[in-house]
Amino acid sequence: MPELKRHDNRLGIWGWLGGGRWGMERYAYILHRVTGLGILAYFLMHICVTSLRAWGIYLWTGEGAFLDAPVFKVGEFLVFSAFAFHAFNGVRLILVELGFAVGKPIEPVYPYKSSLHVQRPLFLAMMVLAAVFFAAGSYEFWHGLAR
Amino acid sequence: MRETKYWTWFMAAGLLILALLGLHMVVMHLGSLTHLFAAHPDQPSVAQANSQARDASLFFTLSYVVLLGAGLFHGLYGLRVVVFELSLKPAAEKALSALLLVVGLGLFGLGTYAAFAAHGRAAGASPAVASVAGASLAGRS
Ligand code: HEM
């Protein structure tokens with residue numbers, strides 16, 4: 001029986017988490033999808049919970065507010081963080097999709113100028129904005145837990 | 001062509017959500033930093049009194065309904081895009097679209113009813129709440 005040809009699995013466990021040579025945008029794509037679905041799951045529950053206020057039921061505040069528990073506060077913080085990323089990355093995607101941030105059509109010769117000089121800076125700028133929002137949310141979260 | 005139209009609406013909804021959900025997040029989750037639209041700044045932004053004061057204002061009631069519609073369309077259409085990537089059979093695609101439409105319309109109906117009912121309760125039951133809300137919207141918050 002011929003010997004099985006083995007390939008070196010160079011990426012190891014890292015290969016489970018990413019493609020090794022994927023660009024940043026590929027990770028942003030995964031995170032955009034995960035955050036979008038996460039926010040949606042929360043949103044559907046949020047509509048039901050907050051609609052109860054029409055009948056005078058406030059599950060998140062006052063007496064009998066079980067949604068006030070720390071575990072839900074952590075959940076809310078996760079939703080807030082997901083929003084910060086999804087919103088600013090979403091703006092980037094819309095700008096690219098509408099053609100505002102793709103650069104001039106040039107031959108794709110290395111180093112890819114439009115990627116490096118237009119798309120990458122836009123990505124970084126949006127991530128800085130998301131990080132600022134995230135930092136403000138973190139401050140509020142810790143402030144709330146300490147109270 | 002129809003899908004292109006839906007996709008365009010999907011992105012437009014994203015921008016609308018950006019504005020309204022951005023405001024919602026700043027009011028609700030950055031409340032202790034901003035104290036924005038909190039008629040009772042001594043209480044948390046999500047406290048019942050603050051919540052009712054916002055419900056008493058027509059601006060918040062209407063913006064909740066718009067955000068609800070835009071969020072449901074954007075989120076459920078996004079979910080449909082993700083699931084459709086699995087190359088489902090046409091019958092399954094149709095069933096999923098119908099299910100998402102029913103869920104979307106149902107929740108939109110519930111949320112819209114709740115927004116107006118809460119507006120009626122807050123504005124009608126206690127004129128004081130409404131006037132505080134009005135004052136805070138006018139920039140006294
Ligand atoms: C804050 C404003 C938001 C903006 C600017 C925004 C923008 C976008 C954009 C541009 C996409 C398309 C990504 C692509 O090119 O494939 C997208 C996908 C998606 N969004 Fe949003 N979004 C926002 C808020 C939300 C909210 C509140 C929800 C949940 C209710 C949500 C759920 C989703 C889902 C489920 C997808 C599909 C993910 C995918 O195709 O991989 N988004 N969003």
# chains A, B, ... in the order shown; residues from 1 in each chain; ligands from 1
$ closest_atom_pairs --of "chain A" --to "ligand 1" --cutoff "8 Å" --atoms "only C-alpha atoms and all ligand atoms" --output "JSON lines"
{"residue": "A:Tyr29", "atom": "CA", "partner": "ligand 1", "partner_atom_place_in_ligand_line": "41 (O)", "distance": 6.8}
{"residue": "A:Ile30", "atom": "CA", "partner": "ligand 1", "partner_atom_place_in_ligand_line": "41 (O)", "distance": 7.1}
{"residue": "A:His32", "atom": "CA", "partner": "ligand 1", "partner_atom_place_in_ligand_line": "41 (O)", "distance": 6.1}
{"residue": "A:Arg33", "atom": "CA", "partner": "ligand 1", "partner_atom_place_in_ligand_line": "41 (O)", "distance": 3.7}
{"residue": "A:Val34", "atom": "CA", "partner": "ligand 1", "partner_atom_place_in_ligand_line": "38 (C)", "distance": 7.3}
{"residue": "A:Thr35", "atom": "CA", "partner": "ligand 1", "partner_atom_place_in_ligand_line": "32 (C)", "distance": 7.4}
{"residue": "A:Gly36", "atom": "CA", "partner": "ligand 1", "partner_atom_place_in_ligand_line": "32 (C)", "distance": 3.7}
{"residue": "A:Leu37", "atom": "CA", "partner": "ligand 1", "partner_atom_place_in_ligand_line": "35 (C)", "distance": 4.3}
{"residue": "A:Gly38", "atom": "CA", "partner": "ligand 1", "partner_atom_place_in_ligand_line": "29 (C)", "distance": 7.4}
{"residue": "A:Ile39", "atom": "CA", "partner": "ligand 1", "partner_atom_place_in_ligand_line": "29 (C)", "distance": 4.6}
{"residue": "A:Leu40", "atom": "CA", "partner": "ligand 1", "partner_atom_place_in_ligand_line": "29 (C)", "distance": 3.7}
{"residue": "A:Ala41", "atom": "CA", "partner": "ligand 1", "partner_atom_place_in_ligand_line": "30 (C)", "distance": 7.5}
{"residue": "A:Tyr42", "atom": "CA", "partner": "ligand 1", "partner_atom_place_in_ligand_line": "30 (C)", "distance": 7.9}
{"residue": "A:Phe43", "atom": "CA", "partner": "ligand 1", "partner_atom_place_in_ligand_line": "30 (C)", "distance": 5.7}
{"residue": "A:Leu44", "atom": "CA", "partner": "ligand 1", "partner_atom_place_in_ligand_line": "30 (C)", "distance": 7.7}
{"residue": "A:Phe83", "atom": "CA", "partner": "ligand 1", "partner_atom_place_in_ligand_line": "1 (C)", "distance": 6.2}
{"residue": "A:Ala84", "atom": "CA", "partner": "ligand 1", "partner_atom_place_in_ligand_line": "1 (C)", "distance": 7.6}
{"residue": "A:His86", "atom": "CA", "partner": "ligand 1", "partner_atom_place_in_ligand_line": "22 (N)", "distance": 5.9}
{"residue": "A:Ala87", "atom": "CA", "partner": "ligand 1", "partner_atom_place_in_ligand_line": "1 (C)", "distance": 3.7}
{"residue": "A:Phe88", "atom": "CA", "partner": "ligand 1", "partner_atom_place_in_ligand_line": "5 (C)", "distance": 6.4}
{"residue": "A:Asn89", "atom": "CA", "partner": "ligand 1", "partner_atom_place_in_ligand_line": "5 (C)", "distance": 7.2}
{"residue": "A:Gly90", "atom": "CA", "partner": "ligand 1", "partner_atom_place_in_ligand_line": "7 (C)", "distance": 3.7}
{"residue": "A:Val91", "atom": "CA", "partner": "ligand 1", "partner_atom_place_in_ligand_line": "5 (C)", "distance": 4.9}
{"residue": "A:Arg92", "atom": "CA", "partner": "ligand 1", "partner_atom_place_in_ligand_line": "10 (C)", "distance": 7.5}
{"residue": "A:Leu93", "atom": "CA", "partner": "ligand 1", "partner_atom_place_in_ligand_line": "10 (C)", "distance": 5.0}
{"residue": "A:Ile94", "atom": "CA", "partner": "ligand 1", "partner_atom_place_in_ligand_line": "10 (C)", "distance": 5.0}
{"residue": "A:Glu97", "atom": "CA", "partner": "ligand 1", "partner_atom_place_in_ligand_line": "15 (O)", "distance": 7.5}
$ write_last_selection --atoms "N, CA and C atoms" --output "PDB file, in the first residue's frame"
ATOM      1  N   TYR A  29     -15.310  40.663   8.511  1.00  0.00           N
ATOM      2  CA  TYR A  29     -16.508  40.047   7.918  1.00  0.00           C
ATOM      3  C   TYR A  29     -17.131  39.027   8.882  1.00  0.00           C
ATOM      4  N   ILE A  30     -16.290  38.183   9.464  1.00  0.00           N
ATOM      5  CA  ILE A  30     -16.807  37.177  10.404  1.00  0.00           C
ATOM      6  C   ILE A  30     -17.453  37.878  11.603  1.00  0.00           C
ATOM      7  N   HIS A  32     -18.613  40.848  11.768  1.00  0.00           N
ATOM      8  CA  HIS A  32     -19.819  41.584  11.381  1.00  0.00           C
ATOM      9  C   HIS A  32     -21.024  40.643  11.382  1.00  0.00           C
ATOM     10  N   ARG A  33     -20.788  39.441  10.875  1.00  0.00           N
ATOM     11  CA  ARG A  33     -21.873  38.454  10.810  1.00  0.00           C
ATOM     12  C   ARG A  33     -22.279  37.998  12.215  1.00  0.00           C
ATOM     13  N   VAL A  34     -21.283  37.676  13.030  1.00  0.00           N
ATOM     14  CA  VAL A  34     -21.576  37.204  14.394  1.00  0.00           C
ATOM     15  C   VAL A  34     -22.297  38.296  15.194  1.00  0.00           C
ATOM     16  N   THR A  35     -21.792  39.545  15.086  1.00  0.00           N
ATOM     17  CA  THR A  35     -22.423  40.620  15.860  1.00  0.00           C
ATOM     18  C   THR A  35     -23.834  40.902  15.331  1.00  0.00           C
ATOM     19  N   GLY A  36     -24.005  40.854  14.002  1.00  0.00           N
ATOM     20  CA  GLY A  36     -25.332  41.108  13.421  1.00  0.00           C
ATOM     21  C   GLY A  36     -26.351  40.108  13.941  1.00  0.00           C
ATOM     22  N   LEU A  37     -25.969  38.825  13.925  1.00  0.00           N
ATOM     23  CA  LEU A  37     -26.910  37.788  14.384  1.00  0.00           C
ATOM     24  C   LEU A  37     -27.135  37.896  15.893  1.00  0.00           C
ATOM     25  N   GLY A  38     -26.074  38.247  16.609  1.00  0.00           N
ATOM     26  CA  GLY A  38     -26.203  38.405  18.071  1.00  0.00           C
ATOM     27  C   GLY A  38     -27.149  39.540  18.432  1.00  0.00           C
ATOM     28  N   ILE A  39     -26.961  40.681  17.762  1.00  0.00           N
ATOM     29  CA  ILE A  39     -27.831  41.834  18.049  1.00  0.00           C
ATOM     30  C   ILE A  39     -29.277  41.477  17.676  1.00  0.00           C
ATOM     31  N   LEU A  40     -29.433  40.743  16.581  1.00  0.00           N
ATOM     32  CA  LEU A  40     -30.799  40.368  16.159  1.00  0.00           C
ATOM     33  C   LEU A  40     -31.479  39.513  17.228  1.00  0.00           C
ATOM     34  N   ALA A  41     -30.737  38.516  17.747  1.00  0.00           N
ATOM     35  CA  ALA A  41     -31.312  37.634  18.779  1.00  0.00           C
ATOM     36  C   ALA A  41     -31.759  38.469  19.984  1.00  0.00           C
ATOM     37  N   TYR A  42     -30.888  39.404  20.391  1.00  0.00           N
ATOM     38  CA  TYR A  42     -31.236  40.268  21.526  1.00  0.00           C
ATOM     39  C   TYR A  42     -32.444  41.131  21.185  1.00  0.00           C
ATOM     40  N   PHE A  43     -32.434  41.714  19.987  1.00  0.00           N
ATOM     41  CA  PHE A  43     -33.484  42.655  19.568  1.00  0.00           C
ATOM     42  C   PHE A  43     -34.869  41.993  19.619  1.00  0.00           C
ATOM     43  N   LEU A  44     -34.951  40.748  19.151  1.00  0.00           N
ATOM     44  CA  LEU A  44     -36.257  40.064  19.128  1.00  0.00           C
ATOM     45  C   LEU A  44     -36.789  39.894  20.560  1.00  0.00           C
ATOM     46  N   PHE A  83     -22.785  46.260  19.020  1.00  0.00           N
ATOM     47  CA  PHE A  83     -23.333  47.397  18.268  1.00  0.00           C
ATOM     48  C   PHE A  83     -22.218  48.325  17.811  1.00  0.00           C
ATOM     49  N   ALA A  84     -21.281  48.642  18.733  1.00  0.00           N
ATOM     50  CA  ALA A  84     -20.202  49.583  18.396  1.00  0.00           C
ATOM     51  C   ALA A  84     -19.436  49.073  17.177  1.00  0.00           C
ATOM     52  N   HIS A  86     -20.457  46.624  14.889  1.00  0.00           N
ATOM     53  CA  HIS A  86     -21.324  46.411  13.717  1.00  0.00           C
ATOM     54  C   HIS A  86     -21.683  47.750  13.052  1.00  0.00           C
ATOM     55  N   ALA A  87     -21.959  48.757  13.880  1.00  0.00           N
ATOM     56  CA  ALA A  87     -22.386  50.044  13.332  1.00  0.00           C
ATOM     57  C   ALA A  87     -21.264  50.669  12.496  1.00  0.00           C
ATOM     58  N   PHE A  88     -20.059  50.791  13.081  1.00  0.00           N
ATOM     59  CA  PHE A  88     -18.991  51.486  12.361  1.00  0.00           C
ATOM     60  C   PHE A  88     -18.447  50.646  11.207  1.00  0.00           C
ATOM     61  N   ASN A  89     -18.366  49.337  11.406  1.00  0.00           N
ATOM     62  CA  ASN A  89     -17.934  48.500  10.282  1.00  0.00           C
ATOM     63  C   ASN A  89     -19.000  48.532   9.184  1.00  0.00           C
ATOM     64  N   GLY A  90     -20.275  48.629   9.597  1.00  0.00           N
ATOM     65  CA  GLY A  90     -21.379  48.713   8.627  1.00  0.00           C
ATOM     66  C   GLY A  90     -21.265  49.975   7.775  1.00  0.00           C
ATOM     67  N   VAL A  91     -20.883  51.085   8.398  1.00  0.00           N
ATOM     68  CA  VAL A  91     -20.706  52.327   7.631  1.00  0.00           C
ATOM     69  C   VAL A  91     -19.601  52.123   6.594  1.00  0.00           C
ATOM     70  N   ARG A  92     -18.532  51.468   7.012  1.00  0.00           N
ATOM     71  CA  ARG A  92     -17.428  51.185   6.071  1.00  0.00           C
ATOM     72  C   ARG A  92     -17.943  50.358   4.889  1.00  0.00           C
ATOM     73  N   LEU A  93     -18.724  49.313   5.202  1.00  0.00           N
ATOM     74  CA  LEU A  93     -19.226  48.443   4.136  1.00  0.00           C
ATOM     75  C   LEU A  93     -20.127  49.207   3.168  1.00  0.00           C
ATOM     76  N   ILE A  94     -20.960  50.098   3.731  1.00  0.00           N
ATOM     77  CA  ILE A  94     -21.860  50.870   2.862  1.00  0.00           C
ATOM     78  C   ILE A  94     -21.042  51.796   1.958  1.00  0.00           C
ATOM     79  N   GLU A  97     -19.460  49.602  -0.639  1.00  0.00           N
ATOM     80  CA  GLU A  97     -20.493  49.060  -1.530  1.00  0.00           C
ATOM     81  C   GLU A  97     -20.966  50.113  -2.540  1.00  0.00           C
TER      82      GLU A  97
END
$ select_by_dssp --residues "region 39-136 of chain A" --states "alpha helix (DSSP H)" --output "compact mmCIF listing (two decimals) with C-alpha atoms, in the first residue's frame"
# COMPACT_ATOMS: atom_id res chain seq x y z
CA ILE A 39 -27.83 41.83 18.05
CA LEU A 40 -30.80 40.37 16.16
CA ALA A 41 -31.31 37.63 18.78
CA TYR A 42 -31.24 40.27 21.53
CA PHE A 43 -33.48 42.66 19.57
CA LEU A 44 -36.26 40.06 19.13
CA MET A 45 -36.32 39.41 22.90
CA HIS A 46 -35.96 43.12 23.65
CA ILE A 47 -39.11 43.93 21.64
CA CYS A 48 -41.14 41.42 23.69
CA VAL A 49 -39.74 42.54 27.07
CA THR A 50 -40.11 46.29 26.47
CA SER A 51 -43.59 45.88 24.94
CA PRO A 70 -25.47 41.30 36.94
CA VAL A 71 -25.62 38.48 34.37
CA PHE A 72 -28.05 40.53 32.26
CA LYS A 73 -25.91 43.63 32.72
CA VAL A 74 -22.97 41.70 31.26
CA GLY A 75 -25.22 40.58 28.39
CA GLU A 76 -26.26 44.16 27.72
CA PHE A 77 -22.64 45.23 27.69
CA LEU A 78 -21.90 42.55 25.09
CA VAL A 79 -24.79 43.83 22.96
CA PHE A 80 -23.47 47.38 23.30
CA SER A 81 -19.99 46.28 22.23
CA ALA A 82 -21.42 44.30 19.30
CA PHE A 83 -23.33 47.40 18.27
CA ALA A 84 -20.20 49.58 18.40
CA PHE A 85 -18.39 47.24 16.02
CA HIS A 86 -21.32 46.41 13.72
CA ALA A 87 -22.39 50.04 13.33
CA PHE A 88 -18.99 51.49 12.36
CA ASN A 89 -17.93 48.50 10.28
CA GLY A 90 -21.38 48.71 8.63
CA VAL A 91 -20.71 52.33 7.63
CA ARG A 92 -17.43 51.18 6.07
CA LEU A 93 -19.23 48.44 4.14
CA ILE A 94 -21.86 50.87 2.86
CA LEU A 95 -19.17 53.34 1.73
CA VAL A 96 -17.31 50.56 -0.08
CA GLU A 97 -20.49 49.06 -1.53
CA LYS A 113 -2.32 50.86 -3.64
CA SER A 114 -6.08 51.34 -3.37
CA ARG A 120 -7.18 50.13 4.98
CA PRO A 121 -7.16 53.69 6.41
CA LEU A 122 -10.99 53.74 6.28
CA PHE A 123 -11.09 50.43 8.12
CA LEU A 124 -8.68 51.68 10.78
CA ALA A 125 -10.57 54.97 11.20
CA MET A 126 -13.84 53.12 11.71
CA MET A 127 -12.26 50.76 14.22
CA VAL A 128 -10.88 53.75 16.17
CA LEU A 129 -14.40 55.24 16.31
CA ALA A 130 -15.79 51.86 17.43
CA ALA A 131 -13.08 51.68 20.09
CA VAL A 132 -13.99 55.15 21.42
CA PHE A 133 -17.64 54.09 21.69
CA PHE A 134 -16.58 50.83 23.30
CA ALA A 135 -14.41 52.67 25.84
CA ALA A 136 -17.29 54.97 26.82
$ closest_atom_pairs --of "region 8-126 of chain A" --to "region 114-125 of chain B" --cutoff "8 Å" --atoms "only C-alpha atoms" --output "Markdown table"
| residue | atom | partner | partner_atom | distance |
| --- | --- | --- | --- | --- |
| A:Ser51 | CA | B:Ala114 | CA | 5.0 |
| A:Leu52 | CA | B:Ala114 | CA | 7.3 |
| A:Arg53 | CA | B:Ala118 | CA | 6.5 |
| A:Ala54 | CA | B:Ala118 | CA | 4.7 |
| A:Trp55 | CA | B:Ala118 | CA | 7.9 |
$ closest_atom_pairs --of "chain B" --to "chain A" --cutoff "8 Å" --atoms "only C-alpha atoms" --output "CSV"
residue,atom,partner,partner_atom,distance
B:Met11,CA,A:Ile94,CA,6.8
B:Gly14,CA,A:Gly90,CA,7.5
B:Leu15,CA,A:Val91,CA,7.6
B:Leu18,CA,A:Ala87,CA,6.3
B:Met25,CA,A:Phe80,CA,7.5
B:His29,CA,A:Gly137,CA,6.7
B:Leu30,CA,A:Glu140,CA,6.0
B:Gly31,CA,A:Glu140,CA,7.9
B:Ser32,CA,A:Glu140,CA,6.6
B:Leu33,CA,A:Glu140,CA,7.1
B:Val46,CA,A:Thr61,CA,7.0
B:Ala47,CA,A:Thr61,CA,5.7
B:Gln48,CA,A:Thr61,CA,6.4
B:Gly75,CA,A:Leu40,CA,5.6
B:Leu76,CA,A:Leu40,CA,7.6
B:Gly78,CA,A:Gly36,CA,7.8
B:Leu79,CA,A:Leu37,CA,7.0
B:Leu107,CA,A:Ile47,CA,7.2
B:Leu110,CA,A:Ser51,CA,7.0
B:Gly111,CA,A:Ser51,CA,5.7
B:Ala114,CA,A:Ala54,CA,4.9
B:Ala115,CA,A:Ala54,CA,7.2
B:Ala117,CA,A:Ala54,CA,5.4
B:Ala118,CA,A:Ala54,CA,4.7
B:Arg121,CA,A:Ala54,CA,7.7
$ closest_residue --among "B:Gly109, B:Pro41, B:Gly104, B:Pro90" --to "Gly71 (chain B)" --atoms "only C-alpha atoms"
B:Gly104
$ residues_around --residues "Leu68 (chain B)" --least-positions-apart "4" --cutoff "7 Å" --atoms "only C-alpha atoms" --output "list in words"
Tyr64, Leu72 and Phe108 of chain B
$ atom_distance --atom1 "CA of Ser97 (chain B)" --atom2 "CA of Met1 (chain B)"
16.9 Å
$ atom_distance --atom1 "CA of Ala28 (chain A)" --atom2 "CA of Ala101 (chain A)"
16.3 Å
